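> Below is one structure. I have some questions about it.
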Amino acid sequence: MKDLHKHKGLRNQLVKTVQAKGIKDEKVLDAISKIPRHLFMDSGFIDFAYQDNAFPIAANQTISQPYTVAFQTELLKIEPNDKVLEIGTGSGYQTAVLIELKAEVYSIERQKELYEKVKKFLPKLGYVAKKLNFGDGYKGWSEYAPFDKIIVTAGAPFVPKPLLSQLKVGGRLVIPVGDEVQVMTLYIRKSEKEFEKHEFGEFRFVPMLKESQK
Ligand code: SAH
């Protein structure tokens with residue numbers, strides 16, 4: 001596993017690209033400049049790692065587009081020590097971004113292969129999540145709730161109720177909602193019963209699947 005000077009150079013270019021697309025949060029940009037995205041992809045595809053595109057990983061899933069990762073992370077407004085629930089660990093790249101921002105990350109993945117891979121791989125890079133779980137994100141993670149922030153990195157056909165209820169008052173849920181195309185949606189919990197909803201344009205994600213779906 002190598003991270004070379006040329007990769008650092010490519011990352012700086014990538015930072016400029018996502019900045020040009022509107023990402024302003026310096027801490028998010030800094031995380032992108034540090035994390036060796038090429039190591040989260042299969043070795044044959046390393047040349048694609050620093051293009052601003054999603055890319056296939058194992059189990060028919062994708063590593064999200066860097067701009068999308070940055071956009072969602074910016075909306076979360078991560079503070080150090082925030083307790084963050086991530087649904088859809090995937091390659092672990094978004095997880096690493098959250099850890100770079102000093103969040104305590106609880107991440108759930110429903111593909112066993114990806115869960116096993118990330119569990120071994122992330123610590124090798126020095127990224128230690130609080131907890132990784134193989135399971136169904138529709139249920140959230142009641143054992144460790146409530147969370148300051150929740151991020152869903154798969155396209156959700158609807159907003160799962162447990163995710164709203166596992167949010168702290170003042171907390172933020174960022175979730176792409178829709179079937180073919182998803183609208184990036186932010187929920188801010190104003191009180192026990194009130195949620196403020198904001199929508200931010202269209203994105204495309206792999207679908208958030210139910211436990212029983214293939
Ligand atoms: N953040 C990841 C995105 C991976 S794609 C990355 O950048 O690599 C979305 C991931 O969500 C996939 O790995 C998929 O298996 C997972 N997923 C889909 N439905 C899920 C569910 N119900 N619970 C948990 N994870 C789910």
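In the structure tokens, the first chain shown is A, the next is B, and so on; residue numbers restart at 1 for each chain, and ligands run from 1 in the order shown.
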Excluding Asn12 in chain A and residues on its chain fewer than 5 positions from it, collect all residues at most 10 Å away from it, counting only C-alpha atoms, and give them as a PDB file with C-alpha atoms, in the first residue's frame.

ATOM      1  CA  LYS A   6       2.280  11.930  -7.375  1.00  0.00           C
ATOM      2  CA  HIS A   7      -0.879  10.861  -5.536  1.00  0.00           C
ATOM      3  CA  THR A  17     -12.136  20.480  -8.717  1.00  0.00           C
ATOM      4  CA  LEU A  29     -11.183  19.994   1.586  1.00  0.00           C
ATOM      5  CA  ASP A  30      -8.274  19.266   3.882  1.00  0.00           C
ATOM      6  CA  ILE A  32      -9.796  15.104   0.756  1.00  0.00           C
ATOM      7  CA  SER A  33      -6.236  16.335   0.325  1.00  0.00           C
ATOM      8  CA  LYS A  34      -5.030  13.877   2.964  1.00  0.00           C
ATOM      9  CA  TYR A  50      -8.490  11.137  -8.364  1.00  0.00           C
TER      10      TYR A  50
END
> Write out as JSON, numbers by chain the residues lying within 8 Å of Glu199 in chain A, counting only C-alpha atoms and excluding same-chain residues fewer than 6 positions away.
{"A": [183, 184, 185, 186]}
> Neighbours of range 91-95 of chain A within 10 Å (only C-alpha atoms; same-chain residues fewer than 6 positions away dropped), as a PDB file with C-alpha atoms, in the first residue's frame?

ATOM      1  CA  ILE A  32      -9.796  15.104   0.756  1.00  0.00           C
ATOM      2  CA  ILE A  35      -6.934  10.630   2.334  1.00  0.00           C
ATOM      3  CA  PRO A  36      -5.332   8.246  -0.198  1.00  0.00           C
ATOM      4  CA  ARG A  37      -8.516   7.499  -2.177  1.00  0.00           C
ATOM      5  CA  HIS A  38      -6.601   5.257  -4.583  1.00  0.00           C
ATOM      6  CA  LEU A  39      -6.086   2.754  -1.758  1.00  0.00           C
ATOM      7  CA  PHE A  40      -9.875   2.424  -1.322  1.00  0.00           C
ATOM      8  CA  MET A  41     -10.212   1.133  -4.889  1.00  0.00           C
ATOM      9  CA  PRO A  56     -17.396   0.423  -8.885  1.00  0.00           C
ATOM     10  CA  ILE A  57     -16.088  -1.479  -5.858  1.00  0.00           C
ATOM     11  CA  ALA A  58     -16.836  -5.047  -4.756  1.00  0.00           C
ATOM     12  CA  GLN A  61     -21.486  -1.211  -5.001  1.00  0.00           C
ATOM     13  CA  THR A  62     -19.687   2.081  -5.624  1.00  0.00           C
ATOM     14  CA  ILE A  63     -17.270   4.410  -3.926  1.00  0.00           C
ATOM     15  CA  SER A  64     -19.145   7.728  -3.988  1.00  0.00           C
ATOM     16  CA  PRO A  66     -15.659  12.895  -4.106  1.00  0.00           C
ATOM     17  CA  THR A  68     -20.855  14.028  -3.294  1.00  0.00           C
ATOM     18  CA  VAL A  69     -18.856  12.936  -0.245  1.00  0.00           C
ATOM     19  CA  ALA A  70     -17.750  16.545   0.281  1.00  0.00           C
ATOM     20  CA  GLN A  72     -22.841  15.500   2.303  1.00  0.00           C
ATOM     21  CA  THR A  73     -20.044  16.054   4.807  1.00  0.00           C
ATOM     22  CA  VAL A  84     -21.943  10.068  13.840  1.00  0.00           C
ATOM     23  CA  LEU A  85     -23.949   7.184  12.403  1.00  0.00           C
ATOM     24  CA  LEU A 101     -12.831  15.514  10.988  1.00  0.00           C
ATOM     25  CA  ALA A 103     -15.938  12.387  14.557  1.00  0.00           C
ATOM     26  CA  GLU A 104     -16.680   9.196  16.485  1.00  0.00           C
ATOM     27  CA  VAL A 105     -18.042   7.048  13.685  1.00  0.00           C
ATOM     28  CA  TYR A 106     -20.543   4.193  13.931  1.00  0.00           C
ATOM     29  CA  SER A 107     -20.965   2.720  10.463  1.00  0.00           C
ATOM     30  CA  GLU A 109     -22.888  -1.988   5.903  1.00  0.00           C
ATOM     31  CA  LEU A 114     -17.405  -4.925   2.148  1.00  0.00           C
ATOM     32  CA  TYR A 115     -17.845  -4.939   5.916  1.00  0.00           C
ATOM     33  CA  LYS A 117     -12.770  -5.677   3.934  1.00  0.00           C
ATOM     34  CA  VAL A 118     -13.154  -2.279   5.576  1.00  0.00           C
ATOM     35  CA  LYS A 119     -12.787  -3.711   9.079  1.00  0.00           C
ATOM     36  CA  PHE A 121      -8.319  -2.059   5.832  1.00  0.00           C
ATOM     37  CA  LEU A 122      -9.251   1.188   7.640  1.00  0.00           C
ATOM     38  CA  TYR A 127      -8.469   5.357  10.583  1.00  0.00           C
ATOM     39  CA  VAL A 128     -10.207   3.823  13.566  1.00  0.00           C
ATOM     40  CA  ALA A 129     -13.999   3.899  13.595  1.00  0.00           C
ATOM     41  CA  LEU A 132     -18.395  -1.033  12.327  1.00  0.00           C
ATOM     42  CA  ILE A 151     -25.420  10.236   7.085  1.00  0.00           C
ATOM     43  CA  THR A 153     -24.726   7.062   1.571  1.00  0.00           C
TER      44      THR A 153
END
> Just list as a VMD selection string whatever in range 10-57 of chain A DSSP marks as helix (DSSP H, G or I).
chain A and resid 10 to 20 26 to 34 37 to 40 43 to 48
> Quick one: pull the distance between CA of Pro160 in chain A and CA of Asp25 in chain A, Å, one decimal.
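Taking CA of Pro160 in chain A and CA of Asp25 in chain A, their separation equals 28.2 Å.
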> Which is closest to ligand 1 among A:Ala54, A:Ile99, A:Leu173, A:Leu164, if we use only C-alpha atoms and all ligand atoms?
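Smallest distance to ligand 1 is found for A:Ala54.
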> Please provide as a PyMOL selection string all residues within 10 Å of Leu10 in chain A, with the sequence filter that same-chain residues fewer than 4 positions apart are discarded (counting only C-alpha atoms).
chain A and resi 5-6+14-16+33+47+49-51
> Interatomic distance between CA of Arg204 in chain A and atom 10 (C, counted along the ligand's line) of ligand 1?
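Spanning CA of Arg204 in chain A to atom 10 (C, counted along the ligand's line) of ligand 1 is a straight-line distance of 12.2 Å.
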> Could you work out how far CA of Lys21 in chain A lies from atom 21 (C, counted along the ligand's line) of ligand 1, giving the answer in Å with one decimal?
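About the pair atom 21 (C, counted along the ligand's line) of ligand 1 and CA of Lys21 in chain A: they are 28.7 Å apart.
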> Could you check the closest approach to Lys139 in chain A for each of A:Ile108, A:Ala154, A:Val169, A:Glu116 and tell me which residue wins, using only C-alpha atoms?
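Among A:Ile108, A:Ala154, A:Val169, A:Glu116, it is A:Ile108 that comes nearest to Lys139 in chain A.
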> For ligand 1, which of A:Asp42, A:Asp136, A:Glu26, A:Asp82 is the closest residue, counting only C-alpha atoms and all ligand atoms?
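Using only C-alpha atoms and all ligand atoms, ligand 1 sits closest to A:Asp136.
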> Where does DSSP see strand (DSSP E) in range 9-212 of chain A, if you list the residues as a ChimeraX atom specification?
/A:55-56,62-63,83-87,104-109,131-134,147-152,167-177,182-189,195-203
> Between A:Ile46, A:Val181, A:Leu125, A:Val97, which residue has the minimum interatomic distance to ligand 1, considering only C-alpha atoms and all ligand atoms?
A:Val97
> So, counting only C-alpha atoms and all ligand atoms, which residue among A:Lys190, A:Lys112, A:Lys197, A:Lys8 is closest to ligand 1?
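For ligand 1, the nearest of the given residues is A:Lys112.
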> Compare A:Val18, A:Ala59, A:Leu4, A:Ile150 by their minimum atom-to-atom distance to ligand 1, counting only C-alpha atoms and all ligand atoms, and give me the closest one.
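When distances to ligand 1 are compared using only C-alpha atoms and all ligand atoms, the smallest one comes from A:Ala59.
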> Give me the residues within 12 Å of Ile188 in chain A as a PyMOL selection string, counting only C-alpha atoms and dropping any in the same chain fewer than 3 places off.
chain A and resi 75-77+148-150+163-165+167-175+185+191-199
